[in-house]
Amino acid sequence: MATSWFRYSSPASFYPLAGRMIRWFAAAAALLAVAGLVIGLVVAPTDATQSDAYRIIFIHVPAAWMSMFLYVVMAAWSAAALGFNTRLSAMMAQAIAPTGALMTFIALWTGAFWGRPTWGTYWAWDARMTSELILLFLYLGIIALRNAIDEPRRADKACAVLALTGVVNVPIIYFSVYWWNTLHQGSSVSVTRAPSMAAIMLAGMLVMALAAWFYAIAVILARVRIIIVERERGASWVASLREVRHA
Amino acid sequence: MLEAQKLAARRGFSTLFTGLSFRVAPGEALVVTGANGTGKTTLLRMLAGLTAPAAGEIQWRGKRVGSFDPQLRAAVAFSGHLPALKDGLTAEENLASLVALEGSPAASDDIAHALDEVALSRQRTLPARVLSQGQCRRIGLARLSLAARPLWVLDEPLAALDAAGSALLARLLGRHLANGGLAVIATHAPLGLPEARLSSLVLNQS
Amino acid sequence: MAAALAIAPDRTDTAWPALRWAVARDVKLALRSRAELGVQLLFYVVVASLFPLATTPERSTLTLIGPGVLWVAALLASLLSLPRLFAADHADGTLEQIVLSPYPLVALVGGKIVAHWITTGLPLVIIAPLVGLQYALDEETLSVLAFALLIGTPILSLLGAIGAALTLGLRSSGSLLALLILPLYVPVLVFGAGAVEAARTGVGASAHLSLLGAGLLIACVGAPFAAAAAVRIALD
């Protein structure tokens, strides 16, 4: 069984497989997103203290979960790239970073819009948002390093080392930010305490999280196909692709 | 003792060479020639273990060695385009530092003797920043003779050497090969070694 | 003479001579270009002096922002000196020789990091309390500042070495290095400045300092390996 999956570890055989998978994940993501938004915007009750503004958490929280999850996945692919010296693992890690950064940015943006009507300020330096901000810097750092190195194999390995260094540091950074925040907790309302969850709200967030996950998979697979074509363009199988011949 | 099998190198998207195979026995020197950009430096860096080949393998004393292999690092003396000297250290400090780095620290007598052999005794205590390129290259030659490694990988060793310096290199190389050492040398100019000890490899534009 | 062509003796498996070689060489080189060291210290003093000018000379405000400013300035001064760690050796070809040495690269890189700390971090530990006097901090607080920097600046050198190796030879490597390393510096900043703040308010800095110490241990164990791997990647 294992050998049949390893067949897909070369860019040439993974390319068509990825192409076939995209449409299923995209469709699933669309359906789940509709379901999640229906739950979040229509079905879930209006919160007693925060009125309808709180509904943005149905985007904010799943985006934040995905931003952290994708970083770990990216680090796993980076470890595979360094350990097995495979190009495809490195390409997957390269494909994940922009989506991870986007999720982090959405989390920060929606978090700010949640903060404004609820606590009167766009940015309150609470532990979670500050950690998200640093995570965004970590993602941007990897993307910047990738862009700064011309030689693709060197970029693969350097970004892999950076991603692994980051993944080890992320728990430490989060811990230090929480520490910092609890020390300076003023009398203001704790912005880390989400409204007490009705089960339906949690269900809505989980559905949206699944939607975000499938969306991320679809987008990442699409991006890795582009990366494969770009980086393998010397190979004959690329030249014979329909997309390339008609380009 | 040094064997290369089907080596291939790529730079970016272009292939420098493929299917390169050769063998260098003790007492032999392989002279690599070719136009600029044909991959001479890349090949030498592979043989020194600095970079991994895109395909193929390298064997030292019968065992396969990858990049940065400890066996290879203990056996090779690599001389690249840059003289590998610190501006702020004197000639003798630089030499002592380099041989200590290679795991065989030398006594100061040996250092003085080695510098004498390359005609740099008077420049012993001068900082490397005031030495000429040719003089810096000679310190590199002194390092080669002091460290006494079996495999010498030299990239354009004649660059910046005058006639006396070239003769010195030829003498050191001759002695090294006579003692059973191996060498791989990339060069444009003739080395002045007996033909019997040389084999030649020419890299062409692919 | 043929015996001399034998492979270098087994003692190259040990790390200690390699560490000593790297520390001795780098410290000697740094001492011979003393002007460079002086510039970094001067940078620290100047940056720390900018904040009162930008805010207010009022004592109570200065004591509030003092710990943070003194630490951020230390971070920035450290960033200034990091590119030199590997770039100089890379430029004259010595780094290739280091990487080809039979000694463990981790030990050689570790030695360079130690030398970097001795020549950049340690002077900060000595200078910072003097600069801290500008912020009307008392002696107790300033001694905690020195101690916290003593534990924290090695972490800056260790983490910074990873960044310096990753960005070796790249365009605008200085800014890129800052972008990569500053997020990793956040815990050091939080616990380091927090320690000084705790001492200032009389709460007791031991928790912060222990956490810093733990961070130093983790960095000592992990960073040299990551930096050595990054150096090999950069030379590939």
# chains A, B, ... in the order shown; residues from 1 in each chain; ligands from 1

$ interface_residues --of "chain A" --to "chain B" --cutoff "8 Å" --atoms "only C-alpha atoms" --output "short mmCIF file (atom, residue, chain, number, x, y, z; two decimals) with N, CA and C atoms, in the first residue's frame"
data_model
loop_
_atom_site.label_atom_id
_atom_site.label_comp_id
_atom_site.auth_asym_id
_atom_site.auth_seq_id
_atom_site.Cartn_x
_atom_site.Cartn_y
_atom_site.Cartn_z
N GLU A 151 18.43 30.91 -6.16
CA GLU A 151 18.64 29.49 -6.43
C GLU A 151 17.53 28.68 -5.72
N PRO A 152 16.69 27.96 -6.48
CA PRO A 152 15.50 27.34 -5.88
C PRO A 152 15.81 26.31 -4.79
N GLY A 234 11.95 22.85 -17.34
CA GLY A 234 12.89 22.24 -18.27
C GLY A 234 12.49 20.83 -18.66
#

$ interface_residues --of "chain A" --to "chain C" --cutoff "12 Å" --atoms "only C-alpha atoms" --output "ChimeraX atom specification"
/A:82,130-184

$ closest_residue --among "B:Leu154, B:Ala9, B:Leu72, B:Ala91" --to "chain C" --atoms "only C-alpha atoms"
B:Leu72

$ residues_around --residues "Glu156 of chain B" --least-positions-apart "3" --cutoff "12 Å" --atoms "only C-alpha atoms" --output "list in words"
Val31, Val32, Thr33, Gly34, Asn36, Lys40, Thr41, Leu44, Phe78, Ser79, Gly80, His81, Leu82, Pro83, Arg137, Val153, Ala159, Ala160, Leu161, Ser166, Leu169, Val184, Ile185, Ala186, Thr187, His188, Ala189, Pro190 and Leu191 of chain B

$ write_last_selection --atoms "N, CA and C atoms" --output "compact mmCIF listing (two decimals), in the first residue's frame"
# COMPACT_ATOMS: atom_id res chain seq x y z
N VAL B 31 43.71 17.05 -14.55
CA VAL B 31 43.68 18.45 -14.93
C VAL B 31 42.38 18.72 -15.66
N VAL B 32 41.61 19.63 -15.16
CA VAL B 32 40.29 19.94 -15.73
C VAL B 32 40.39 21.25 -16.49
N THR B 33 40.07 21.20 -17.76
CA THR B 33 40.08 22.42 -18.57
C THR B 33 38.73 22.60 -19.24
N GLY B 34 38.50 23.79 -19.70
CA GLY B 34 37.25 24.05 -20.39
C GLY B 34 37.01 25.54 -20.41
N ASN B 36 35.04 29.17 -19.95
CA ASN B 36 34.33 29.71 -18.79
C ASN B 36 32.88 29.28 -18.81
N LYS B 40 33.61 24.01 -14.35
CA LYS B 40 34.83 23.53 -13.70
C LYS B 40 34.77 23.75 -12.20
N THR B 41 34.39 24.96 -11.81
CA THR B 41 34.35 25.27 -10.38
C THR B 41 33.31 24.41 -9.68
N LEU B 44 34.71 20.95 -9.16
CA LEU B 44 35.70 20.89 -8.08
C LEU B 44 35.05 21.03 -6.71
N PHE B 78 41.16 22.02 -0.04
CA PHE B 78 40.50 22.74 -1.13
C PHE B 78 41.03 24.16 -1.22
N SER B 79 41.34 24.55 -2.44
CA SER B 79 41.78 25.93 -2.65
C SER B 79 40.89 26.53 -3.73
N GLY B 80 40.10 27.50 -3.36
CA GLY B 80 39.15 28.09 -4.30
C GLY B 80 39.68 29.38 -4.90
N HIS B 81 38.74 30.18 -5.42
CA HIS B 81 39.14 31.43 -6.04
C HIS B 81 39.67 32.43 -5.03
N LEU B 82 39.08 32.42 -3.82
CA LEU B 82 39.47 33.39 -2.81
C LEU B 82 40.61 32.82 -1.97
N PRO B 83 41.50 33.68 -1.51
CA PRO B 83 42.68 33.16 -0.82
C PRO B 83 42.44 32.65 0.60
N ARG B 137 48.52 34.01 -2.23
CA ARG B 137 48.44 32.68 -2.84
C ARG B 137 49.54 31.78 -2.30
N VAL B 153 42.35 19.62 -4.06
CA VAL B 153 41.40 20.10 -5.07
C VAL B 153 41.67 21.58 -5.25
N ALA B 159 46.45 31.33 -10.77
CA ALA B 159 46.02 32.73 -10.85
C ALA B 159 46.84 33.58 -9.88
N ALA B 160 47.31 34.69 -10.32
CA ALA B 160 48.04 35.67 -9.50
C ALA B 160 49.43 35.19 -9.09
N LEU B 161 49.87 34.04 -9.56
CA LEU B 161 51.22 33.61 -9.23
C LEU B 161 52.19 34.04 -10.34
N SER B 166 54.73 29.94 -9.76
CA SER B 166 54.26 28.78 -10.52
C SER B 166 55.24 27.62 -10.38
N LEU B 169 54.67 26.01 -7.11
CA LEU B 169 53.49 25.14 -7.12
C LEU B 169 53.82 23.81 -7.79
N VAL B 184 43.21 17.20 -8.06
CA VAL B 184 42.32 17.58 -9.15
C VAL B 184 42.47 19.08 -9.30
N ILE B 185 42.86 19.50 -10.50
CA ILE B 185 43.21 20.91 -10.68
C ILE B 185 42.49 21.48 -11.88
N ALA B 186 41.84 22.58 -11.68
CA ALA B 186 41.23 23.31 -12.80
C ALA B 186 42.18 24.43 -13.17
N THR B 187 42.54 24.48 -14.43
CA THR B 187 43.51 25.50 -14.81
C THR B 187 43.42 25.84 -16.28
N HIS B 188 43.86 27.04 -16.63
CA HIS B 188 43.95 27.42 -18.03
C HIS B 188 45.37 27.19 -18.55
N ALA B 189 46.34 27.32 -17.64
CA ALA B 189 47.74 27.32 -18.07
C ALA B 189 48.40 25.99 -17.73
N PRO B 190 49.48 25.64 -18.43
CA PRO B 190 50.18 24.38 -18.12
C PRO B 190 50.82 24.43 -16.74
N LEU B 191 50.84 23.26 -16.11
CA LEU B 191 51.29 23.21 -14.73
C LEU B 191 52.77 22.92 -14.59

$ residues_around --residues "Pro194 of chain B" --least-positions-apart "6" --cutoff "12 Å" --atoms "only C-alpha atoms" --output "ChimeraX atom specification"
/B:27-29,170-171,173-175,177-178

$ write_last_selection --atoms "N, CA and C atoms" --output "mmCIF file, in the first residue's frame"
data_model
loop_
_atom_site.group_PDB
_atom_site.id
_atom_site.type_symbol
_atom_site.label_atom_id
_atom_site.label_comp_id
_atom_site.auth_asym_id
_atom_site.auth_seq_id
_atom_site.Cartn_x
_atom_site.Cartn_y
_atom_site.Cartn_z
ATOM 1 N N GLY B 27 49.040 9.283 -6.755
ATOM 2 C CA GLY B 27 50.168 9.683 -7.574
ATOM 3 C C GLY B 27 49.764 10.347 -8.868
ATOM 4 N N GLU B 28 48.453 10.503 -9.092
ATOM 5 C CA GLU B 28 47.968 11.106 -10.327
ATOM 6 C C GLU B 28 47.324 12.446 -10.065
ATOM 7 N N ALA B 29 47.387 13.274 -11.110
ATOM 8 C CA ALA B 29 46.667 14.540 -11.034
ATOM 9 C C ALA B 29 45.720 14.617 -12.210
ATOM 10 N N ALA B 170 54.538 23.904 -8.907
ATOM 11 C CA ALA B 170 54.891 22.674 -9.618
ATOM 12 C C ALA B 170 55.734 21.765 -8.724
ATOM 13 N N ARG B 171 56.665 22.371 -7.989
ATOM 14 C CA ARG B 171 57.528 21.589 -7.102
ATOM 15 C C ARG B 171 56.704 20.913 -6.004
ATOM 16 N N LEU B 173 53.485 20.283 -5.995
ATOM 17 C CA LEU B 173 52.611 19.273 -6.578
ATOM 18 C C LEU B 173 53.372 17.995 -6.888
ATOM 19 N N GLY B 174 54.572 18.180 -7.482
ATOM 20 C CA GLY B 174 55.386 17.020 -7.817
ATOM 21 C C GLY B 174 55.691 16.178 -6.588
ATOM 22 N N ARG B 175 56.058 16.878 -5.500
ATOM 23 C CA ARG B 175 56.367 16.183 -4.251
ATOM 24 C C ARG B 175 55.137 15.457 -3.708
ATOM 25 N N LEU B 177 52.501 14.358 -5.373
ATOM 26 C CA LEU B 177 52.155 13.185 -6.185
ATOM 27 C C LEU B 177 53.159 12.060 -5.964
ATOM 28 N N ALA B 178 54.423 12.418 -5.827
ATOM 29 C CA ALA B 178 55.445 11.392 -5.620
ATOM 30 C C ALA B 178 55.207 10.657 -4.307
#

$ closest_residue --among "C:Leu76, C:Cys220, C:Leu37, C:Val27" --to "chain B" --atoms "only C-alpha atoms"
C:Val27

$ select_by_dssp --residues "segment 12-243 of chain A" --states "alpha helix (DSSP H)" --output "PyMOL selection string"
chain A and resi 12-37+57-84+87-119+127-148+152-183+199-231+236-239+242-243

$ residues_around --residues "Glu139 of chain C" --least-positions-apart "4" --cutoff "12 Å" --atoms "only C-alpha atoms" --output "list in words"
Pro129, Leu130, Gly132, Leu133, Tyr135, Ser143, Val144, Leu145, Ala146, Val196, Ala199 and Arg200 of chain C

$ residues_around --residues "segment 111-124 of chain B" --least-positions-apart "5" --cutoff "8 Å" --atoms "only C-alpha atoms" --output "list of chain:residue names"
B:Thr90, B:Ala91, B:Glu92, B:Leu95, B:Ala96, B:Ala106, B:Gln135, B:Arg138, B:Ile139, B:Leu141, B:Ala142, B:Arg143, B:Ser145, B:Leu146, B:Gly165, B:Leu168

$ write_last_selection --atoms "C-alpha atoms" --output "mmCIF file, in the first residue's frame"
data_model
loop_
_atom_site.group_PDB
_atom_site.id
_atom_site.type_symbol
_atom_site.label_atom_id
_atom_site.label_comp_id
_atom_site.auth_asym_id
_atom_site.auth_seq_id
_atom_site.Cartn_x
_atom_site.Cartn_y
_atom_site.Cartn_z
ATOM 1 C CA THR B 90 49.597 38.239 10.004
ATOM 2 C CA ALA B 91 50.942 35.785 7.452
ATOM 3 C CA GLU B 92 52.129 33.365 10.104
ATOM 4 C CA LEU B 95 48.929 29.939 8.244
ATOM 5 C CA ALA B 96 48.792 28.667 11.812
ATOM 6 C CA ALA B 106 51.740 22.986 13.614
ATOM 7 C CA GLN B 135 51.914 36.574 -1.699
ATOM 8 C CA ARG B 138 51.821 31.557 -1.547
ATOM 9 C CA ILE B 139 50.501 31.342 1.976
ATOM 10 C CA LEU B 141 50.699 26.925 -0.983
ATOM 11 C CA ALA B 142 52.423 26.812 2.387
ATOM 12 C CA ARG B 143 49.163 25.583 3.901
ATOM 13 C CA SER B 145 52.434 21.565 2.075
ATOM 14 C CA LEU B 146 52.041 21.796 5.860
ATOM 15 C CA GLY B 165 55.322 31.091 -7.704
ATOM 16 C CA LEU B 168 56.945 26.570 -6.516
#

$ interface_residues --of "chain B" --to "chain C" --cutoff "8 Å" --atoms "only C-alpha atoms" --output "number ranges by chain"
B: 48-52, 68, 70, 73-75, 78, 80-86, 88-89, 97-98, 100-104, 148-150, 179-181

$ residues_around --residues "segment 221-226 of chain A" --least-positions-apart "6" --cutoff "12 Å" --atoms "only C-alpha atoms" --output "ChimeraX atom specification"
/A:11-26,87-99,214-215,232-233,238,241,243-244

$ write_last_selection --atoms "C-alpha atoms" --output "tab-separated table (two decimals), in the first residue's frame"
chain	number	residue	atom	x	y	z
A	11	PRO	CA	6.15	16.39	-9.25
A	12	ALA	CA	5.26	14.82	-12.59
A	13	SER	CA	2.80	12.31	-11.13
A	14	PHE	CA	1.50	14.58	-8.41
A	15	TYR	CA	0.53	17.29	-10.88
A	16	PRO	CA	-2.48	15.52	-12.46
A	17	LEU	CA	-3.56	14.03	-9.11
A	18	ALA	CA	-3.65	17.50	-7.57
A	19	GLY	CA	-5.60	18.78	-10.55
A	20	ARG	CA	-8.28	16.15	-10.03
A	21	MET	CA	-8.53	16.80	-6.28
A	22	ILE	CA	-8.98	20.55	-6.49
A	23	ARG	CA	-12.54	20.56	-7.77
A	24	TRP	CA	-13.77	18.24	-5.02
A	25	PHE	CA	-12.23	20.29	-2.23
A	26	ALA	CA	-13.41	23.54	-3.78
A	87	ARG	CA	11.56	18.72	-4.23
A	88	LEU	CA	7.81	18.16	-3.95
A	89	SER	CA	7.78	18.47	-0.15
A	90	ALA	CA	9.57	21.78	-0.45
A	91	MET	CA	7.12	22.92	-3.13
A	92	MET	CA	4.19	22.08	-0.84
A	93	ALA	CA	5.75	24.13	1.95
A	94	GLN	CA	6.28	26.96	-0.55
A	95	ALA	CA	2.62	26.74	-1.59
A	96	ILE	CA	1.26	26.85	1.96
A	97	ALA	CA	2.96	30.04	3.15
A	98	PRO	CA	0.85	32.60	1.23
A	99	THR	CA	-2.45	30.97	2.25
A	214	PHE	CA	-11.00	22.62	2.38
A	215	TYR	CA	-10.65	26.03	0.79
A	232	GLU	CA	10.11	21.92	-13.61
A	233	ARG	CA	9.77	23.82	-16.85
A	238	VAL	CA	5.80	19.95	-18.68
A	241	LEU	CA	0.94	19.72	-20.95
A	243	GLU	CA	-1.98	24.32	-20.50
A	244	VAL	CA	1.62	24.92	-21.45

$ select_by_dssp --residues "segment 128-174 of chain B" --states "strand (DSSP E or B)" --output "PyMOL selection string"
chain B and resi 151-155

$ write_last_selection --atoms "N, CA and C atoms" --output "short mmCIF file (atom, residue, chain, number, x, y, z; two decimals), in the first residue's frame"
data_model
loop_
_atom_site.label_atom_id
_atom_site.label_comp_id
_atom_site.auth_asym_id
_atom_site.auth_seq_id
_atom_site.Cartn_x
_atom_site.Cartn_y
_atom_site.Cartn_z
N LEU B 151 44.22 14.46 -0.69
CA LEU B 151 43.54 14.91 -1.90
C LEU B 151 43.59 16.42 -1.98
N TRP B 152 44.20 16.91 -3.03
CA TRP B 152 44.23 18.36 -3.25
C TRP B 152 43.25 18.71 -4.35
N VAL B 153 42.35 19.62 -4.06
CA VAL B 153 41.40 20.10 -5.07
C VAL B 153 41.67 21.58 -5.25
N LEU B 154 42.24 21.93 -6.39
CA LEU B 154 42.71 23.29 -6.59
C LEU B 154 42.00 23.93 -7.77
N ASP B 155 41.37 25.07 -7.50
CA ASP B 155 40.64 25.78 -8.55
C ASP B 155 41.48 26.97 -9.00
#

$ atom_distance --atom1 "atom CA of Ala107 of chain A" --atom2 "atom CA of Leu75 of chain C"
28.4 Å

$ atom_distance --atom1 "atom CA of Val61 of chain A" --atom2 "atom CA of Ala75 of chain A"
21.6 Å

$ atom_distance --atom1 "atom CA of Trp213 of chain A" --atom2 "atom CA of Pro117 of chain A"
28.3 Å
